[in-house]
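Colleague: Okay, handing you the structure first.
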2 protein chains.
Amino acid sequence: MAIKGVLLDLSGVLYVGENALPGAVSALESLKHSGMPVRFITNTTRTPRSGILLKLERMGLKIPVEALYTAPAAVRDVLVESGLRPWLLVHPNLEEEFQGFDCNAPNAVVIGDAGESFDYSHLNQAFRLLMGGAEFIAMGNNRYFQEPDGLSLDIGPFVSALEYASGRQAVVLGKPARAFFHKAVASMGLEPGEVMMVGDDLLADVVGAMEAGLRATLVKTGKYRSGDEVSLKGSQAWIENDIVTVVDRLVEGMN
Amino acid sequence: MAIKGVLLDLSGVLYVGENALPGAVSALESLKHSGMPVRFITNTTRTPRSGILLKLERMGLKIPVEALYTAPAAVRDVLVESGLRPWLLVHPNLEEEFQGFDCNAPNAVVIGDAGESFDYSHLNQAFRLLMGGAEFIAMGNNRYFQEPDGLSLDIGPFVSALEYASGRQAVVLGKPARAFFHKAVASMGLEPGEVMMVGDDLLADVVGAMEAGLRATLVKTGKYRSGDEVSLKGSQAWIENDIVTVVDRLVEGMN
């Protein structure tokens with residue numbers, strides 16, 4: 001099946017830290033000129049889209065907000081489509097993403113990486129809403145992340161706690177959840193098998209995308225570690241040095 | 001195999017709320033006079049043993065502290081036996097149970113129903129200790145409990161959160177954990193198959209005890225609900241009206 005659309009991970013594919021990767025700015029331009037639809041897909045749940053776009057722009061990477069697919073944005077879409085009234089347990093930075101929703105008599109628990117807001121009182125409120133039948137939507141299920149002074153608990157453990165207590169299963173909208181990939185694919189009017197996901201995270205990006213029926217490319221930048229590609233032997237995944245060689249191959253395939 | 005010892009649950013078997021159940025005081029006396037060893041076994045992790053004994057005494061139920069088997073006491077024993085230095089995430093009422101331990105450079109995370117102390121900072125400290133190789137000991141895995149204003153999160157969800165984050169499995173010392181029943185059984189110098197567990201909780205008391213190799217009796221007092229005994233059909237469990245008929249049957253069986 002021909003590749004008709006692309007999903008790009010951000011950190012580790014287009015930039016690392018505060019700098020665009022070599023050739024990334026022009027590779028992105030080439031891809032735009034090719035006419036192939038592109039979506040940018042990230043699990044970040046502590047920064048609103050406006051903050052992400054600003055950071056990208058400072059590095060010369062200009063993308064329209066409509067093309068940026070974040071877990072919070074996916075959640076927002078689900079809330080709108082289903083007419084849900086959210087009760088938010090998210091990082092304060094993220095509240096601007098959820099302005100305009102009716103939050104009275106909430107019927108959906110929405111959980112992000114809330115950091116210090118993960119306390120007994122908030123978790124108990126979430127639990128009671130779930131026991132009362134509220135929908136359960138999570139922006140990921142990551143276990144932990146690296147902080148300067150050590151590893152810290154990410155969203156996943158708290159999702160697990162509420163699942164255990166309530167006997168309910170959260171709908172996870174973030175990589176590697178199928179629903180998250182499918183959401184971004186559908187926004188291009190394409191089928192999963194027509195779309196290439198490009199990422200530096202073996203499990204969340206590459207394996208996750210393939211399990212969701214997409215094509216996938218592992219780039220050897222960002223968090224890629226030598227040997228990551230071994231487990232992809234026998235799969236249809238592409239292994240490429242960086243975003244430059246990925247775009248070359250994609251554009252070549254269109255001709 | 002003859003029954004040579006008894007484990008009694010407290011709430012719902014000997015008393016409900018602040019009152020002894022009808023006949024419970026004299027049934028307990030009969031059991032003592034029979035010479036059969038008895039242990040009292042409870043999951044309460046918000047009250048120290050001293051508080052439980054005082055409450056029982058006010059209702060005319062006198063038991064020696066050595067016969068009272070609580071999850072915190074079981075944890076204390078394990079810590080002593082293994083020479084562990086605990087890091088405690090427990091309810092403030094319970095701290096007196098753990099006086100005298102060396103808590104420097106802790107190598108065991110001990111988690112009880114800590115209530116409001118379940119916050120991000122404490123959970124993250126527990127997580128980091130677990131990732132550093134500390135033992136992981138929990139005083140139960142109950143999902144929730146009833147409070148005047150609704151259901152509230154018990155210890156289990158927080159155990160689940162830390163298990164998910166760390167990839168480690170907690171040793172649970174509380175009903176229905178096998179190790180907890182076996183601990184109380186061993187304190188009488190008996191084998192599990194020689195001991196009868198009497199309780200009002202179908203799963204934690206009756207099914208749990210049988211899965212740990214004990215005999216078990218379901219009493220129709222306390223949290224018993226009509227129909228609870230249906231799932232015990234075909235098992236060797238006794239179904240009795242209350243502690244009075246249980247003790248009659250046990251004492252009769254000794255002659």
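Following the order of the structure tokens, first chain is A, next is B, and so on, with residues numbered from 1 inside each chain and ligands from 1 in the order they appear.
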With a cut-off of 12 Å, could you pull out the residues of chain B touching chain A and give me the nearest pair of atoms for each, distance in Å to one decimal, using only C-alpha atoms, ordered by chain and ascending number, as a tab-separated table?

Modeller:
```
residue	atom	partner	partner_atom	distance
B:Asp113	CA	A:Tyr120	CA	11.2
B:Ala114	CA	A:Tyr120	CA	9.5
B:Gly115	CA	A:Tyr120	CA	6.9
B:Glu116	CA	A:Tyr120	CA	5.4
B:Ser117	CA	A:Tyr120	CA	7.4
B:Phe118	CA	A:Tyr120	CA	5.5
B:Asp119	CA	A:Asp119	CA	4.2
B:Tyr120	CA	A:Glu116	CA	5.4
B:Ser121	CA	A:Glu116	CA	7.3
B:His122	CA	A:Asp119	CA	9.7
B:Leu123	CA	A:Leu153	CA	8.1
B:Asn124	CA	A:Leu153	CA	6.1
B:Gln125	CA	A:Ser152	CA	8.7
B:Ala126	CA	A:Leu153	CA	10.2
B:Phe127	CA	A:Leu153	CA	7.4
B:Arg128	CA	A:Leu151	CA	6.8
B:Leu129	CA	A:Leu151	CA	10.5
B:Leu130	CA	A:Leu151	CA	11.1
B:Met131	CA	A:Leu151	CA	8.7
B:Gly132	CA	A:Leu151	CA	10.5
B:Asn141	CA	A:Tyr164	CA	9.8
B:Asn142	CA	A:Ala165	CA	8.4
B:Arg143	CA	A:Ala165	CA	4.8
B:Tyr144	CA	A:Ala165	CA	6.5
B:Phe145	CA	A:Ala165	CA	10.2
B:Gln146	CA	A:Arg128	CA	11.4
B:Glu147	CA	A:Asn124	CA	11.7
B:Asp149	CA	A:Arg128	CA	10.5
B:Gly150	CA	A:Arg128	CA	7.7
B:Leu151	CA	A:Arg128	CA	6.8
B:Ser152	CA	A:Asn124	CA	6.1
B:Leu153	CA	A:Asn124	CA	6.0
B:Asp154	CA	A:Ala165	CA	8.1
B:Ile155	CA	A:Ala165	CA	9.4
B:Gly156	CA	A:Ala165	CA	7.2
B:Pro157	CA	A:Ala161	CA	4.1
B:Phe158	CA	A:Ala161	CA	5.7
B:Val159	CA	A:Ala161	CA	7.7
B:Ser160	CA	A:Ala161	CA	5.5
B:Ala161	CA	A:Pro157	CA	4.1
B:Leu162	CA	A:Pro157	CA	6.5
B:Glu163	CA	A:Pro157	CA	7.9
B:Tyr164	CA	A:Pro157	CA	5.6
B:Ala165	CA	A:Arg143	CA	4.8
B:Ser166	CA	A:Arg143	CA	7.8
B:Gly167	CA	A:Arg143	CA	9.2
```

Colleague: Would you mind listing what lies within 7 Å of Gly112 (chain B) as an MDAnalysis selection string, with only C-alpha atoms counted and same-chain residues fewer than 4 positions away left out?

Modeller: chainID B and resid 45 89:91 138:139 155

Colleague: Determine, counting only C-alpha atoms, which protein, DNA and RNA residues have an atom within 8 Å of an atom of region 66-68 of chain A; residues of the same chain fewer than 5 positions away are not included. Present the result as a list in words.

Modeller: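 Returned residues: Val38, Arg39, Phe40, Ile41 and Arg49 of chain A.
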
Colleague: Determine which residues of region 14-67 of chain B DSSP labels as strand (DSSP E) from the backbone of this structure, then write them out as a list in words.

Modeller: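 Output for region 14-67 of chain B, strand (DSSP E) only: Tyr15, Val16, Asn19, Ala20, Val38, Arg39, Phe40, Ile41 and Thr42 of chain B.
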
Colleague: Using the selection just defined, write its residues with all heavy atoms as a PDB file, in the first residue's frame.

Modeller:
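File result-v3.pdb, as written:
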```pdb
ATOM      1  N   TYR B  15     -18.354  -8.361  67.353  1.00  0.00           N
ATOM      2  CA  TYR B  15     -19.077  -7.105  67.617  1.00  0.00           C
ATOM      3  C   TYR B  15     -19.440  -6.433  66.306  1.00  0.00           C
ATOM      4  O   TYR B  15     -18.912  -6.775  65.240  1.00  0.00           O
ATOM      5  CB  TYR B  15     -18.220  -6.165  68.479  1.00  0.00           C
ATOM      6  CG  TYR B  15     -17.032  -5.578  67.754  1.00  0.00           C
ATOM      7  CD1 TYR B  15     -17.130  -4.373  67.056  1.00  0.00           C
ATOM      8  CD2 TYR B  15     -15.798  -6.229  67.767  1.00  0.00           C
ATOM      9  CE1 TYR B  15     -16.037  -3.843  66.382  1.00  0.00           C
ATOM     10  CE2 TYR B  15     -14.702  -5.708  67.099  1.00  0.00           C
ATOM     11  CZ  TYR B  15     -14.828  -4.506  66.407  1.00  0.00           C
ATOM     12  OH  TYR B  15     -13.756  -3.999  65.742  1.00  0.00           O
ATOM     13  N   VAL B  16     -20.396  -5.472  66.432  1.00  0.00           N
ATOM     14  CA  VAL B  16     -20.710  -4.597  65.310  1.00  0.00           C
ATOM     15  C   VAL B  16     -20.778  -3.187  65.867  1.00  0.00           C
ATOM     16  O   VAL B  16     -21.443  -2.958  66.892  1.00  0.00           O
ATOM     17  CB  VAL B  16     -22.042  -4.974  64.630  1.00  0.00           C
ATOM     18  CG1 VAL B  16     -22.510  -3.850  63.708  1.00  0.00           C
ATOM     19  CG2 VAL B  16     -21.878  -6.262  63.815  1.00  0.00           C
ATOM     20  N   ASN B  19     -20.886  -2.396  69.902  1.00  0.00           N
ATOM     21  CA  ASN B  19     -21.543  -3.383  70.763  1.00  0.00           C
ATOM     22  C   ASN B  19     -21.173  -4.825  70.418  1.00  0.00           C
ATOM     23  O   ASN B  19     -21.161  -5.214  69.252  1.00  0.00           O
ATOM     24  CB  ASN B  19     -23.074  -3.246  70.644  1.00  0.00           C
ATOM     25  CG  ASN B  19     -23.533  -1.842  71.035  1.00  0.00           C
ATOM     26  OD1 ASN B  19     -23.348  -1.428  72.176  1.00  0.00           O
ATOM     27  ND2 ASN B  19     -24.087  -1.114  70.075  1.00  0.00           N
ATOM     28  N   ALA B  20     -20.939  -5.614  71.489  1.00  0.00           N
ATOM     29  CA  ALA B  20     -20.706  -7.046  71.292  1.00  0.00           C
ATOM     30  C   ALA B  20     -21.979  -7.659  70.713  1.00  0.00           C
ATOM     31  O   ALA B  20     -23.096  -7.223  71.038  1.00  0.00           O
ATOM     32  CB  ALA B  20     -20.348  -7.705  72.612  1.00  0.00           C
ATOM     33  N   VAL B  38      -6.662 -19.819  70.380  1.00  0.00           N
ATOM     34  CA  VAL B  38      -7.409 -18.862  69.560  1.00  0.00           C
ATOM     35  C   VAL B  38      -6.510 -17.673  69.216  1.00  0.00           C
ATOM     36  O   VAL B  38      -5.735 -17.215  70.054  1.00  0.00           O
ATOM     37  CB  VAL B  38      -8.655 -18.317  70.318  1.00  0.00           C
ATOM     38  CG1 VAL B  38      -9.497 -17.443  69.390  1.00  0.00           C
ATOM     39  CG2 VAL B  38      -9.480 -19.443  70.895  1.00  0.00           C
ATOM     40  N   ARG B  39      -6.603 -17.238  67.981  1.00  0.00           N
ATOM     41  CA  ARG B  39      -5.969 -15.982  67.585  1.00  0.00           C
ATOM     42  C   ARG B  39      -7.029 -15.091  66.965  1.00  0.00           C
ATOM     43  O   ARG B  39      -7.978 -15.584  66.347  1.00  0.00           O
ATOM     44  CB  ARG B  39      -4.849 -16.212  66.559  1.00  0.00           C
ATOM     45  CG  ARG B  39      -3.677 -17.022  67.077  1.00  0.00           C
ATOM     46  CD  ARG B  39      -2.884 -16.267  68.130  1.00  0.00           C
ATOM     47  NE  ARG B  39      -1.735 -17.019  68.603  1.00  0.00           N
ATOM     48  CZ  ARG B  39      -1.759 -17.886  69.614  1.00  0.00           C
ATOM     49  NH1 ARG B  39      -2.901 -18.140  70.262  1.00  0.00           N
ATOM     50  NH2 ARG B  39      -0.657 -18.507  69.978  1.00  0.00           N
ATOM     51  N   PHE B  40      -6.864 -13.800  67.137  1.00  0.00           N
ATOM     52  CA  PHE B  40      -7.805 -12.825  66.595  1.00  0.00           C
ATOM     53  C   PHE B  40      -7.082 -12.115  65.453  1.00  0.00           C
ATOM     54  O   PHE B  40      -5.940 -11.675  65.607  1.00  0.00           O
ATOM     55  CB  PHE B  40      -8.239 -11.864  67.694  1.00  0.00           C
ATOM     56  CG  PHE B  40      -8.867 -12.586  68.852  1.00  0.00           C
ATOM     57  CD1 PHE B  40      -8.071 -13.123  69.872  1.00  0.00           C
ATOM     58  CD2 PHE B  40     -10.236 -12.791  68.905  1.00  0.00           C
ATOM     59  CE1 PHE B  40      -8.640 -13.831  70.921  1.00  0.00           C
ATOM     60  CE2 PHE B  40     -10.812 -13.499  69.957  1.00  0.00           C
ATOM     61  CZ  PHE B  40     -10.008 -14.032  70.963  1.00  0.00           C
ATOM     62  N   ILE B  41      -7.743 -12.014  64.314  1.00  0.00           N
ATOM     63  CA  ILE B  41      -7.039 -11.615  63.090  1.00  0.00           C
ATOM     64  C   ILE B  41      -7.835 -10.526  62.366  1.00  0.00           C
ATOM     65  O   ILE B  41      -9.002 -10.704  62.030  1.00  0.00           O
ATOM     66  CB  ILE B  41      -6.780 -12.875  62.219  1.00  0.00           C
ATOM     67  CG1 ILE B  41      -5.998 -12.568  60.962  1.00  0.00           C
ATOM     68  CG2 ILE B  41      -8.063 -13.617  61.899  1.00  0.00           C
ATOM     69  CD1 ILE B  41      -5.462 -13.839  60.272  1.00  0.00           C
ATOM     70  N   THR B  42      -7.195  -9.383  62.190  1.00  0.00           N
ATOM     71  CA  THR B  42      -7.907  -8.248  61.592  1.00  0.00           C
ATOM     72  C   THR B  42      -7.004  -7.469  60.648  1.00  0.00           C
ATOM     73  O   THR B  42      -5.785  -7.431  60.830  1.00  0.00           O
ATOM     74  CB  THR B  42      -8.446  -7.302  62.685  1.00  0.00           C
ATOM     75  OG1 THR B  42      -8.955  -6.123  62.073  1.00  0.00           O
ATOM     76  CG2 THR B  42      -7.353  -6.895  63.667  1.00  0.00           C
TER      77      THR B  42
END
```

Colleague: Within 9 Å of Leu21 (chain A), counting only C-alpha atoms, which residues show up once you throw out same-chain ones fewer than 2 positions away? Write them as a CSV table (one decimal) with N, CA, C and O atoms, in the first residue's frame, please.

Modeller:
```csv
chain,number,residue,atom,x,y,z
A,12,GLY,N,13.6,14.5,19.6
A,12,GLY,CA,14.4,13.3,19.2
A,12,GLY,C,14.4,13.0,17.7
A,12,GLY,O,15.2,12.3,17.1
A,13,VAL,N,13.4,13.6,17.0
A,13,VAL,CA,13.2,13.5,15.5
A,13,VAL,C,13.5,14.8,14.8
A,13,VAL,O,14.3,14.8,13.9
A,14,LEU,N,12.9,15.9,15.3
A,14,LEU,CA,13.1,17.2,14.7
A,14,LEU,C,14.1,18.0,15.5
A,14,LEU,O,14.8,18.9,15.0
A,15,TYR,N,14.1,17.7,16.8
A,15,TYR,CA,15.1,18.5,17.7
A,15,TYR,C,15.5,17.7,18.9
A,15,TYR,O,14.9,16.7,19.2
A,16,VAL,N,16.5,18.2,19.5
A,16,VAL,CA,17.0,17.6,20.8
A,16,VAL,C,17.3,18.8,21.7
A,16,VAL,O,18.0,19.7,21.3
A,19,ASN,N,17.6,22.6,20.3
A,19,ASN,CA,18.1,22.8,19.0
A,19,ASN,C,17.6,21.8,17.9
A,19,ASN,O,17.4,20.7,18.2
A,23,GLY,N,19.7,19.5,9.4
A,23,GLY,CA,19.0,19.2,8.3
A,23,GLY,C,17.5,19.1,8.5
A,23,GLY,O,16.7,18.9,7.6
A,24,ALA,N,17.0,19.2,9.8
A,24,ALA,CA,15.6,19.0,10.1
A,24,ALA,C,14.7,20.0,9.5
A,24,ALA,O,13.7,19.8,9.0
A,25,VAL,N,15.2,21.3,9.6
A,25,VAL,CA,14.4,22.4,9.1
A,25,VAL,C,14.1,22.3,7.6
A,25,VAL,O,13.0,22.4,7.1
A,221,THR,N,18.3,9.0,16.0
A,221,THR,CA,18.6,10.2,16.7
A,221,THR,C,17.8,10.2,18.0
A,221,THR,O,17.0,9.3,18.3
A,242,ASP,N,18.3,9.5,10.1
A,242,ASP,CA,17.7,10.7,10.7
A,242,ASP,C,16.5,11.2,9.8
A,242,ASP,O,16.2,10.5,8.8
A,243,ILE,N,15.9,12.2,10.2
A,243,ILE,CA,14.7,12.7,9.5
A,243,ILE,C,15.0,13.1,8.0
A,243,ILE,O,14.2,13.0,7.1
```

Colleague: Can you work out which one of B:Ala237, B:Leu218, B:Met188, B:Ala74 has the shortest atom-to-atom distance to Asn43 (chain B), counting only C-alpha atoms?

Modeller: B:Ala74

Colleague: So which residues touch Leu190 (chain B) within 10 Å, counting only C-alpha atoms, skipping near sequence neighbours fewer than 6 positions away, as a PyMOL selection string?

Modeller: chain B and resi 3-5+37+182+184

Colleague: Can you list every residue in region 1-184 of chain A that DSSP puts in helix (DSSP H, G or I), as a ChimeraX atom specification?

Modeller: /A:24-34,49-58,65-67,71-82,92-98,115-117,120-131,155-166,178-184

Colleague: Keeping only C-alpha atoms, write those residues as a PDB file, in the first residue's frame.

Modeller:
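File produced: again_32.pdb:
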```pdb
ATOM      1  CA  ALA A  24      15.620  18.955  10.068  1.00  0.00           C
ATOM      2  CA  VAL A  25      14.397  22.424   9.076  1.00  0.00           C
ATOM      3  CA  SER A  26      14.925  21.836   5.369  1.00  0.00           C
ATOM      4  CA  ALA A  27      13.704  18.226   5.524  1.00  0.00           C
ATOM      5  CA  LEU A  28      10.447  19.497   6.979  1.00  0.00           C
ATOM      6  CA  GLU A  29      10.195  22.073   4.188  1.00  0.00           C
ATOM      7  CA  SER A  30      10.747  19.352   1.554  1.00  0.00           C
ATOM      8  CA  LEU A  31       8.032  17.261   3.085  1.00  0.00           C
ATOM      9  CA  LYS A  32       5.595  20.192   3.031  1.00  0.00           C
ATOM     10  CA  HIS A  33       6.378  20.934  -0.607  1.00  0.00           C
ATOM     11  CA  SER A  34       5.779  17.304  -1.531  1.00  0.00           C
ATOM     12  CA  ARG A  49       0.079  23.409  22.317  1.00  0.00           C
ATOM     13  CA  SER A  50       0.824  27.147  22.278  1.00  0.00           C
ATOM     14  CA  GLY A  51       4.014  26.508  24.265  1.00  0.00           C
ATOM     15  CA  ILE A  52       5.104  23.684  21.972  1.00  0.00           C
ATOM     16  CA  LEU A  53       4.524  25.757  18.820  1.00  0.00           C
ATOM     17  CA  LEU A  54       6.509  28.659  20.263  1.00  0.00           C
ATOM     18  CA  LYS A  55       9.437  26.402  21.074  1.00  0.00           C
ATOM     19  CA  LEU A  56       9.413  24.886  17.582  1.00  0.00           C
ATOM     20  CA  GLU A  57       9.225  28.297  15.943  1.00  0.00           C
ATOM     21  CA  ARG A  58      12.284  29.483  17.861  1.00  0.00           C
ATOM     22  CA  VAL A  65      -1.588  24.266  15.275  1.00  0.00           C
ATOM     23  CA  GLU A  66      -4.063  22.018  13.415  1.00  0.00           C
ATOM     24  CA  ALA A  67      -1.235  19.658  12.532  1.00  0.00           C
ATOM     25  CA  ALA A  71      -2.582  13.714  23.996  1.00  0.00           C
ATOM     26  CA  PRO A  72      -4.394  16.665  25.614  1.00  0.00           C
ATOM     27  CA  ALA A  73      -5.709  17.746  22.200  1.00  0.00           C
ATOM     28  CA  ALA A  74      -6.931  14.213  21.508  1.00  0.00           C
ATOM     29  CA  VAL A  75      -8.717  14.234  24.832  1.00  0.00           C
ATOM     30  CA  ARG A  76     -10.249  17.599  24.011  1.00  0.00           C
ATOM     31  CA  ASP A  77     -11.605  16.214  20.737  1.00  0.00           C
ATOM     32  CA  VAL A  78     -13.114  13.190  22.454  1.00  0.00           C
ATOM     33  CA  LEU A  79     -14.774  15.420  25.039  1.00  0.00           C
ATOM     34  CA  VAL A  80     -16.272  17.632  22.332  1.00  0.00           C
ATOM     35  CA  GLU A  81     -17.426  14.703  20.155  1.00  0.00           C
ATOM     36  CA  SER A  82     -19.052  12.933  23.081  1.00  0.00           C
ATOM     37  CA  PRO A  92      -1.785  23.658  35.953  1.00  0.00           C
ATOM     38  CA  ASN A  93       0.076  24.599  32.723  1.00  0.00           C
ATOM     39  CA  LEU A  94      -2.405  22.512  30.806  1.00  0.00           C
ATOM     40  CA  GLU A  95      -5.627  24.061  32.024  1.00  0.00           C
ATOM     41  CA  GLU A  96      -5.722  26.539  29.133  1.00  0.00           C
ATOM     42  CA  GLU A  97      -6.276  23.570  26.766  1.00  0.00           C
ATOM     43  CA  PHE A  98      -9.597  22.889  28.454  1.00  0.00           C
ATOM     44  CA  GLY A 115       2.502  16.196  39.397  1.00  0.00           C
ATOM     45  CA  GLU A 116       1.947  17.531  42.922  1.00  0.00           C
ATOM     46  CA  SER A 117      -1.824  17.599  42.330  1.00  0.00           C
ATOM     47  CA  TYR A 120      -5.324  11.802  48.349  1.00  0.00           C
ATOM     48  CA  SER A 121      -8.144  14.314  48.087  1.00  0.00           C
ATOM     49  CA  HIS A 122      -7.956  14.694  44.299  1.00  0.00           C
ATOM     50  CA  LEU A 123      -7.514  10.986  43.684  1.00  0.00           C
ATOM     51  CA  ASN A 124     -10.469  10.240  45.950  1.00  0.00           C
ATOM     52  CA  GLN A 125     -12.636  12.730  44.081  1.00  0.00           C
ATOM     53  CA  ALA A 126     -11.668  11.060  40.811  1.00  0.00           C
ATOM     54  CA  PHE A 127     -12.432   7.648  42.316  1.00  0.00           C
ATOM     55  CA  ARG A 128     -15.889   8.693  43.496  1.00  0.00           C
ATOM     56  CA  LEU A 129     -16.749  10.114  40.073  1.00  0.00           C
ATOM     57  CA  LEU A 130     -15.634   6.859  38.449  1.00  0.00           C
ATOM     58  CA  MET A 131     -17.742   4.830  40.892  1.00  0.00           C
ATOM     59  CA  ILE A 155       0.797   9.507  35.034  1.00  0.00           C
ATOM     60  CA  GLY A 156       0.670   5.695  34.658  1.00  0.00           C
ATOM     61  CA  PRO A 157       0.867   4.719  38.338  1.00  0.00           C
ATOM     62  CA  PHE A 158      -2.068   6.980  39.167  1.00  0.00           C
ATOM     63  CA  VAL A 159      -4.121   5.606  36.302  1.00  0.00           C
ATOM     64  CA  SER A 160      -3.314   2.146  37.648  1.00  0.00           C
ATOM     65  CA  ALA A 161      -4.395   3.140  41.173  1.00  0.00           C
ATOM     66  CA  LEU A 162      -7.768   4.412  39.973  1.00  0.00           C
ATOM     67  CA  GLU A 163      -8.274   1.383  37.726  1.00  0.00           C
ATOM     68  CA  TYR A 164      -7.566  -0.972  40.637  1.00  0.00           C
ATOM     69  CA  ALA A 165      -9.893   0.874  43.003  1.00  0.00           C
ATOM     70  CA  SER A 166     -12.788   1.346  40.613  1.00  0.00           C
ATOM     71  CA  ARG A 178      -4.033   2.619  19.188  1.00  0.00           C
ATOM     72  CA  ALA A 179      -6.801   5.174  19.606  1.00  0.00           C
ATOM     73  CA  PHE A 180      -4.282   8.002  19.707  1.00  0.00           C
ATOM     74  CA  PHE A 181      -2.545   6.981  16.487  1.00  0.00           C
ATOM     75  CA  HIS A 182      -5.903   6.374  14.804  1.00  0.00           C
ATOM     76  CA  LYS A 183      -7.139   9.796  15.846  1.00  0.00           C
ATOM     77  CA  ALA A 184      -4.202  11.501  14.120  1.00  0.00           C
TER      78      ALA A 184
END
```

Colleague: CA of Ala108 (chain A) and CA of Lys175 (chain A) are how many Å apart?

Modeller: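 Computing the Euclidean distance for CA of Ala108 (chain A) and CA of Lys175 (chain A) yields 20.6 Å.
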
Colleague: For Ala105 (chain A), list every protein, DNA or RNA residue within 10 Å, evaluated using only C-alpha atoms, and leave out those in the same chain fewer than 2 positions away; present the list as a list in words.

Modeller: Arg85, Pro86, Trp87, Asp102, Cys103, Asn107, Ala108 and Leu129 of chain A

Colleague: Tell me, in Å to one decimal, how far CA of Glu18 (chain A) is from CA of Leu61 (chain A).

Modeller: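 Spanning CA of Glu18 (chain A) to CA of Leu61 (chain A) is a straight-line distance of 11.6 Å.
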
Colleague: Suppose you want the space between CA of Ala216 (chain B) and CA of Val198 (chain B); what is it in Å?

Modeller: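 It comes out at 5.9 Å.
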